[in-house]
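*Asks:* Input data38.txt, format and content: compact mmCIF, C-alpha atoms.
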```
# COMPACT_ATOMS: atom_id res chain seq x y z
CA MET A 1163 8.94 18.12 3.44
CA MET A 1164 7.64 18.38 6.98
CA ALA A 1165 6.43 15.20 8.68
CA TYR A 1166 3.55 15.69 11.06
CA ASP A 1167 5.12 14.01 14.09
CA GLY A 1168 4.27 16.63 16.69
CA ALA A 1169 5.90 19.78 15.41
CA ALA A 1170 3.08 22.18 16.23
CA SER A 1171 3.19 23.64 19.71
CA LEU A 1172 0.48 23.16 22.32
CA PRO A 1173 -0.25 25.73 25.04
CA GLU A 1174 0.98 24.68 28.46
CA SER A 1175 -2.64 24.46 29.64
CA ARG A 1176 -3.30 21.80 26.99
CA SER A 1177 -0.64 19.41 28.26
CA SER A 1178 -2.14 15.89 28.44
CA ALA A 1179 -1.81 13.53 31.37
CA ASP A 1180 0.18 11.20 29.11
CA PRO A 1181 2.64 13.14 26.90
CA ARG A 1182 2.17 10.62 24.10
CA GLU A 1183 -1.30 12.05 23.52
CA GLN A 1184 0.34 15.21 22.23
CA TYR A 1185 1.66 13.50 19.09
CA ALA A 1186 -1.78 13.34 17.50
CA GLU A 1187 -2.94 16.68 18.89
CA ARG A 1188 0.11 18.54 17.61
CA ALA A 1189 -0.25 16.86 14.24
CA ALA A 1190 -3.93 17.79 14.02
CA ILE A 1191 -3.18 21.43 14.82
CA GLY A 1192 -0.09 21.55 12.60
CA LEU A 1193 -2.00 20.30 9.56
CA LEU A 1194 -4.47 23.19 9.65
CA GLY A 1195 -3.80 25.61 6.82
CA SER A 1196 -1.66 23.11 4.91
CA LEU A 1197 -2.43 22.15 1.33
CA ILE A 1198 -3.31 18.74 -0.07
CA VAL A 1199 -2.20 18.42 -3.68
CA ARG A 1200 -3.84 15.65 -5.68
CA ASP A 1201 -2.48 14.70 -9.11
CA PHE A 1202 -4.81 12.48 -11.15
CA PRO A 1203 -3.76 9.94 -13.78
CA ASP A 1204 -5.39 11.99 -16.55
CA GLY A 1205 -3.07 14.93 -15.83
CA THR A 1206 -5.57 17.04 -13.91
CA ARG A 1207 -4.83 18.43 -10.46
CA ALA A 1208 -6.81 19.62 -7.46
CA VAL A 1209 -5.57 21.53 -4.42
CA VAL A 1210 -7.44 21.96 -1.14
CA ARG A 1211 -6.54 23.64 2.14
CA ILE A 1212 -7.05 21.73 5.39
CA VAL A 1213 -9.46 23.56 7.72
CA GLU A 1214 -10.59 20.84 10.14
CA THR A 1215 -8.92 17.84 11.79
CA GLU A 1216 -9.40 15.40 14.66
CA ALA A 1217 -6.75 13.74 16.83
CA TYR A 1218 -6.72 9.99 17.58
CA ASP A 1219 -4.22 7.68 19.27
CA GLN A 1220 -3.95 4.25 20.87
CA LEU A 1221 -4.68 5.65 24.34
CA ASP A 1222 -8.03 6.98 23.08
CA PRO A 1223 -11.09 4.67 23.27
CA ALA A 1224 -12.49 6.35 20.13
CA SER A 1225 -9.43 5.44 18.04
CA HIS A 1226 -9.11 2.52 15.64
CA THR A 1227 -5.77 1.78 17.32
CA TYR A 1228 -7.13 1.55 20.87
CA ARG A 1229 -7.16 -2.26 20.93
CA GLY A 1230 -3.78 -2.63 19.30
CA ARG A 1231 -2.31 -3.23 15.88
CA THR A 1232 -4.34 -5.10 13.27
CA GLU A 1233 -4.10 -5.64 9.54
CA ARG A 1234 -6.64 -2.84 9.05
CA ASN A 1235 -4.89 -0.18 11.14
CA ARG A 1236 -1.23 -1.15 10.65
CA ALA A 1237 -0.41 2.11 8.83
CA MET A 1238 -1.21 4.08 11.99
CA PHE A 1239 1.60 2.24 13.79
CA GLY A 1240 4.13 3.03 11.07
CA PRO A 1241 6.16 6.14 10.27
CA ALA A 1242 4.66 9.63 10.46
CA ASN A 1243 3.18 11.47 7.48
CA HIS A 1244 1.66 8.43 5.77
CA ALA A 1245 -1.94 7.82 4.76
CA TYR A 1246 -4.22 5.65 6.84
CA VAL A 1247 -7.26 5.19 4.60
CA TYR A 1248 -10.26 3.23 5.80
CA SER A 1249 -13.73 2.40 4.56
CA ILE A 1250 -16.99 3.27 6.31
CA TYR A 1251 -20.26 1.52 5.53
CA GLY A 1252 -18.43 -0.32 2.78
CA MET A 1253 -18.85 2.56 0.36
CA HIS A 1254 -17.08 5.71 1.63
CA HIS A 1255 -13.48 6.42 2.62
CA CYS A 1256 -11.75 8.63 5.18
CA ILE A 1257 -8.08 9.54 5.51
CA ASN A 1258 -5.82 10.06 8.50
CA VAL A 1259 -2.27 11.36 8.38
CA THR A 1260 -0.11 9.29 10.71
CA ALA A 1261 1.94 10.96 13.43
CA GLY A 1262 4.37 10.21 16.23
CA PRO A 1263 7.12 7.59 16.42
CA ASP A 1264 7.02 4.17 14.77
CA GLY A 1265 5.10 1.69 16.86
CA PHE A 1266 2.74 4.20 18.52
CA GLY A 1267 -0.64 4.17 16.76
CA CYS A 1268 -1.75 7.73 16.22
CA GLY A 1269 -2.66 10.28 13.61
CA ALA A 1270 -4.99 13.06 12.55
CA LEU A 1271 -8.23 12.63 10.63
CA ILE A 1272 -8.65 15.18 7.84
CA ARG A 1273 -12.28 16.19 8.34
CA ALA A 1274 -12.71 19.09 5.92
CA ALA A 1275 -10.85 21.28 3.46
CA GLN A 1276 -11.31 24.42 1.39
CA PRO A 1277 -11.07 24.10 -2.41
CA ILE A 1278 -8.17 26.18 -3.76
CA GLU A 1279 -7.51 24.88 -7.28
CA GLY A 1280 -9.30 22.53 -9.67
CA ARG A 1281 -12.90 22.99 -8.55
CA ASP A 1282 -14.14 21.35 -11.75
CA VAL A 1283 -11.96 18.33 -10.99
CA LEU A 1284 -13.25 18.11 -7.44
CA ALA A 1285 -16.87 18.46 -8.60
CA HIS A 1286 -16.40 15.79 -11.25
CA HIS A 1287 -15.18 13.25 -8.70
CA ARG A 1288 -17.67 14.24 -6.02
CA TYR A 1289 -20.99 14.34 -7.91
CA PRO A 1290 -20.01 14.07 -10.92
CA ALA A 1291 -20.65 17.46 -12.51
CA SER A 1292 -18.78 20.60 -13.46
CA ASP A 1293 -18.40 23.35 -10.88
CA GLY A 1294 -20.51 25.72 -12.94
CA THR A 1295 -23.52 23.41 -12.81
CA LEU A 1296 -23.51 22.85 -9.05
CA THR A 1297 -26.27 24.14 -6.84
CA ALA A 1298 -25.38 26.36 -3.89
CA ALA A 1299 -25.87 23.40 -1.55
CA GLN A 1300 -23.65 21.13 -3.64
CA ARG A 1301 -20.92 23.76 -3.68
CA ARG A 1302 -21.10 24.15 0.11
CA ASN A 1303 -20.92 20.38 0.57
CA LEU A 1304 -18.09 19.74 -1.84
CA THR A 1305 -15.35 19.00 0.73
CA ASN A 1306 -16.86 19.80 4.17
CA GLY A 1307 -16.72 16.28 5.62
CA PRO A 1308 -14.17 13.46 5.66
CA ALA A 1309 -15.96 11.12 3.23
CA LYS A 1310 -16.94 14.01 0.95
CA LEU A 1311 -13.31 15.15 0.87
CA CYS A 1312 -12.02 11.70 -0.03
CA GLN A 1313 -14.60 11.35 -2.77
CA ALA A 1314 -13.72 14.75 -4.26
CA LEU A 1315 -10.00 13.92 -4.17
CA GLY A 1316 -10.44 10.39 -5.46
CA ILE A 1317 -8.89 8.86 -2.34
CA GLY A 1318 -9.43 5.13 -1.98
CA MET A 1319 -7.76 2.08 -0.54
CA ASP A 1320 -5.14 2.15 -3.29
CA LEU A 1321 -3.53 5.02 -1.35
CA TYR A 1322 -3.36 3.10 1.94
CA GLY A 1323 0.07 3.65 3.53
CA HIS A 1324 1.05 6.25 0.92
CA ASP A 1325 3.92 8.60 1.79
CA MET A 1326 2.21 11.99 1.98
CA SER A 1327 5.35 13.81 0.82
CA GLN A 1328 5.06 12.20 -2.62
CA PRO A 1329 2.72 12.43 -5.63
CA PRO A 1330 -0.01 11.65 -6.46
CA LEU A 1331 -1.23 12.79 -3.03
CA ARG A 1332 0.94 15.08 -0.96
CA ILE A 1333 0.77 17.64 1.80
CA VAL A 1334 2.43 21.02 1.41
CA PRO A 1335 2.89 22.62 4.85
CA CYS A 1336 1.48 26.15 5.12
CA GLY A 1337 0.69 28.26 8.12
CA LEU A 1338 -2.47 30.05 9.09
CA GLU A 1339 -3.35 33.24 7.28
CA ALA A 1340 -3.33 36.63 8.98
CA GLY A 1341 -6.24 36.94 11.37
CA GLU A 1342 -6.99 33.21 11.52
CA SER A 1343 -7.18 31.28 14.77
CA VAL A 1344 -7.61 27.65 15.78
CA ALA A 1345 -10.36 26.41 18.07
CA ARG A 1346 -11.19 23.00 19.52
CA THR A 1347 -14.45 21.13 20.09
CA PRO A 1348 -15.55 17.58 20.85
CA ARG A 1349 -15.22 15.24 17.88
CA ILE A 1350 -18.13 14.48 15.56
CA GLY A 1351 -19.95 11.17 15.26
CA ILE A 1352 -18.26 9.18 18.03
CA ARG A 1353 -19.67 7.55 21.17
CA LYS A 1354 -16.57 6.84 23.23
CA ALA A 1355 -14.55 9.71 24.72
CA ALA A 1356 -17.15 11.96 23.10
CA ASP A 1357 -16.46 14.84 25.49
CA ARG A 1358 -12.76 15.14 24.68
CA LEU A 1359 -11.81 18.34 22.84
CA ARG A 1360 -9.76 16.76 20.05
CA ARG A 1361 -11.41 18.30 17.00
CA TYR A 1362 -9.62 21.37 15.63
CA ILE A 1363 -11.02 23.96 13.23
CA ILE A 1364 -9.96 27.21 11.63
CA MET A 1365 -12.49 29.51 13.23
CA GLY A 1366 -15.00 31.07 10.85
CA ASN A 1367 -13.91 29.15 7.76
CA PRO A 1368 -17.02 28.40 5.66
CA CYS A 1369 -15.74 24.93 4.67
CA VAL A 1370 -15.69 23.53 8.21
CA THR A 1371 -18.19 20.71 8.78
CA PRO A 1372 -21.57 22.20 9.79
CA SER A 1373 -22.22 21.15 13.39
CA PRO A 1374 -23.89 22.52 16.53
CA LEU A 1375 -20.51 21.93 18.19
CA ASN A 1376 -19.04 24.86 16.26
CA ALA A 1377 -20.97 27.38 18.38
CA GLY A 1378 -19.14 26.23 21.51
CA ALA A 1379 -15.67 26.07 19.96
CA ARG A 1380 -12.88 27.17 22.33
CA ASP A 1381 -9.68 28.86 21.30
CA ILE A 1382 -6.79 26.43 21.80
CA GLU A 1383 -5.02 29.01 23.95
CA ASN A 1384 -7.77 28.74 26.57
```
Could you write out this structure as structure tokens?

*Replies:*
Amino acid sequence: MMAYDGAASLPESRSSADPREQYAERAAIGLLGSLIVRDFPDGTRAVVRIVETEAYDQLDPASHTYRGRTERNRAMFGPANHAYVYSIYGMHHCINVTAGPDGFGCGALIRAAQPIEGRDVLAHHRYPASDGTLTAAQRRNLTNGPAKLCQALGIGMDLYGHDMSQPPLRIVPCGLEAGESVARTPRIGIRKAADRLRRYIIMGNPCVTPSPLNAGARDIEN
């Protein structure tokens, strides 16, 4: 099982002023195309493919770890390839996959994914409804945002700190498919460091979060 601790390569032109910033960026890029396998207690399973991520670390004013370690963010300072789950607005959840060495708070937010297996299971947890009864809009919005994805996969605080190499929630590393490319944009929904290009998408994938930022996406090689 591959741990997302900075294994993906970055073009020389993308080298950061502080090399520690590359831990999260490499993790965010390396996760694209990988599968998330979710096994539910009732024996059902869902599989999605990661198509959008964002990089965050303790040097980044937009990161939860910017002001240091707390009880809330402690997982981000632990070993790589673990789940940092947090609540927004007291009702939704988002998940980051931790990266880098122990003690350095960084990881990659999983922003969106493409359903691969178990669409009925995903729809049941997201709406709830069966896939066959969904409207076109509901089907488009099944997993194309971080809170939507967590709802569809049944990810909550019970999975905080979970080792992402183990059931019931695990990542299976996979590469990009033929013809696919990765692009970067500013991150969505943040106010600090809002101009930094730390959001990564598989170009043209229909399950990427809809955003005006997509039109200006730049290939990571440029």

*Asks:* Could you give me, as CSV, a per-residue list for segment 1249-1367 of chain A showing, wherever an atom lies at most 12 Å from an atom of segment 1199-1211 of chain A, the closest pair of atoms and their distance in Å to one decimal, using only C-alpha atoms and sorting by chain then residue number from low to high?

*Replies:*
```
residue,atom,partner,partner_atom,distance
A:Ile1272,CA,A:Arg1211,CA,10.4
A:Arg1273,CA,A:Arg1211,CA,11.3
A:Ala1274,CA,A:Arg1211,CA,8.5
A:Ala1275,CA,A:Arg1211,CA,5.1
A:Gln1276,CA,A:Arg1211,CA,4.9
A:Pro1277,CA,A:Val1210,CA,4.4
A:Ile1278,CA,A:Val1210,CA,5.0
A:Glu1279,CA,A:Val1209,CA,4.8
A:Gly1280,CA,A:Ala1208,CA,4.4
A:Arg1281,CA,A:Ala1208,CA,7.0
A:Asp1282,CA,A:Ala1208,CA,8.7
A:Val1283,CA,A:Ala1208,CA,6.4
A:Leu1284,CA,A:Ala1208,CA,6.6
A:Ala1285,CA,A:Ala1208,CA,10.2
A:His1286,CA,A:Ala1208,CA,11.0
A:His1287,CA,A:Ala1208,CA,10.6
A:Leu1304,CA,A:Val1210,CA,10.9
A:Thr1305,CA,A:Val1210,CA,8.7
A:Asn1306,CA,A:Val1210,CA,11.0
A:Leu1311,CA,A:Val1210,CA,9.2
A:Cys1312,CA,A:Arg1200,CA,10.7
A:Gln1313,CA,A:Arg1200,CA,11.9
A:Ala1314,CA,A:Ala1208,CA,9.0
A:Leu1315,CA,A:Arg1200,CA,6.6
A:Gly1316,CA,A:Phe1202,CA,8.3
A:Ile1317,CA,A:Arg1200,CA,9.1
A:Leu1321,CA,A:Arg1200,CA,11.5
A:Met1326,CA,A:Val1199,CA,9.6
A:Ser1327,CA,A:Val1199,CA,9.9
A:Gln1328,CA,A:Val1199,CA,9.6
A:Pro1329,CA,A:Asp1201,CA,6.7
A:Pro1330,CA,A:Asp1201,CA,4.7
A:Leu1331,CA,A:Arg1200,CA,4.7
A:Arg1332,CA,A:Val1199,CA,5.3
A:Ile1333,CA,A:Val1199,CA,6.3
A:Val1334,CA,A:Val1199,CA,7.4
A:Pro1335,CA,A:Arg1211,CA,9.9
A:Cys1336,CA,A:Arg1211,CA,8.9
A:Gly1337,CA,A:Arg1211,CA,10.5
A:Leu1338,CA,A:Arg1211,CA,10.3
A:Glu1339,CA,A:Arg1211,CA,11.3
A:Ile1363,CA,A:Arg1211,CA,12.0
A:Ile1364,CA,A:Arg1211,CA,10.7
A:Asn1367,CA,A:Arg1211,CA,10.8
```

*Asks:* Which polymer residues have any atom within 7 Å of an atom of segment 1245-1252 of chain A, counting all atoms listed in the file, with same-chain residues fewer than 3 positions away left out, as a ChimeraX atom specification?

*Replies:* /A:1237-1238,1255-1260,1318-1319,1321-1326

*Asks:* Between segment 1309-1345 of chain A and segment 1368-1379 of chain A, at 12 Å or less, what are the per-residue closest atom pairs and their distances in Å? Count all atoms listed in the file, order by chain and rising residue number, and return it as a tab-separated table.

*Replies:*
```
residue	atom	partner	partner_atom	distance
A:Ala1309	CA	A:Thr1371	CA	11.3
A:Lys1310	CA	A:Thr1371	CA	10.4
A:Leu1311	CA	A:Cys1369	CA	10.8
A:Ser1343	CA	A:Ala1379	CA	11.2
A:Val1344	CA	A:Ala1379	CA	9.2
A:Ala1345	CA	A:Ala1379	CA	5.6
```

*Asks:* Take atom CA of Asp1180 of chain A and atom CA of Gln1220 of chain A and report the distance between them in Å, one decimal.

*Replies:*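 Atom CA of Gln1220 of chain A lies 11.5 Å from atom CA of Asp1180 of chain A.
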
*Asks:* So how many Å separate atom CA of Arg1182 of chain A and atom CA of Asp1219 of chain A, to one decimal?

*Replies:* 8.5 Å

*Asks:* When distances are computed from only C-alpha atoms, which of A:Gly1294, A:Gly1230, A:Pro1348, A:Gly1195 shows the smallest separation from Gly1267 of chain A?

*Replies:*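 Between A:Gly1294, A:Gly1230, A:Pro1348, A:Gly1195, the residue approaching Gly1267 of chain A most closely is A:Gly1230.
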
*Asks:* Would you please work out which residue, of A:Asp1293, A:Leu1221, A:Leu1197, A:Val1213, is nearest to Arg1361 of chain A when using all atoms listed in the file?

*Replies:*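 Using all atoms listed in the file, Arg1361 of chain A sits closest to A:Val1213.
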
*Asks:* For a cut-off of 12 Å around (5.7, 5.6, 18.6), file coordinates, pick out all residues using only C-alpha atoms and list them as a list in words.

*Replies:* Asp1167, Gly1168, Pro1181, Arg1182, Glu1183, Gln1184, Tyr1185, Ala1186, Asp1219, Gln1220, Leu1221, Met1238, Phe1239, Gly1240, Pro1241, Ala1242, Thr1260, Ala1261, Gly1262, Pro1263, Asp1264, Gly1265, Phe1266, Gly1267, Cys1268 and Gly1269 of chain A

*Asks:* For the atom pair atom CA of Ala1270 of chain A and atom CA of Arg1229 of chain A, what is the interatomic distance in Å to one decimal place?

*Replies:*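 Calculated distance between atom CA of Ala1270 of chain A and atom CA of Arg1229 of chain A is 17.6 Å.
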
*Asks:* Could you tell me which of A:Ser1196, A:Ser1225, A:Asn1235, A:Thr1215 comes closest to Arg1353 of chain A if we count only C-alpha atoms?

*Replies:*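 Between A:Ser1196, A:Ser1225, A:Asn1235, A:Thr1215, the residue approaching Arg1353 of chain A most closely is A:Ser1225.
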
*Asks:* Between A:Ala1356, A:Leu1271, A:Met1365, A:Ala1224, which one has atoms that come closest to Leu1193 of chain A, using only C-alpha atoms?

*Replies:*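 So, comparing all the options, the nearest one is A:Leu1271.
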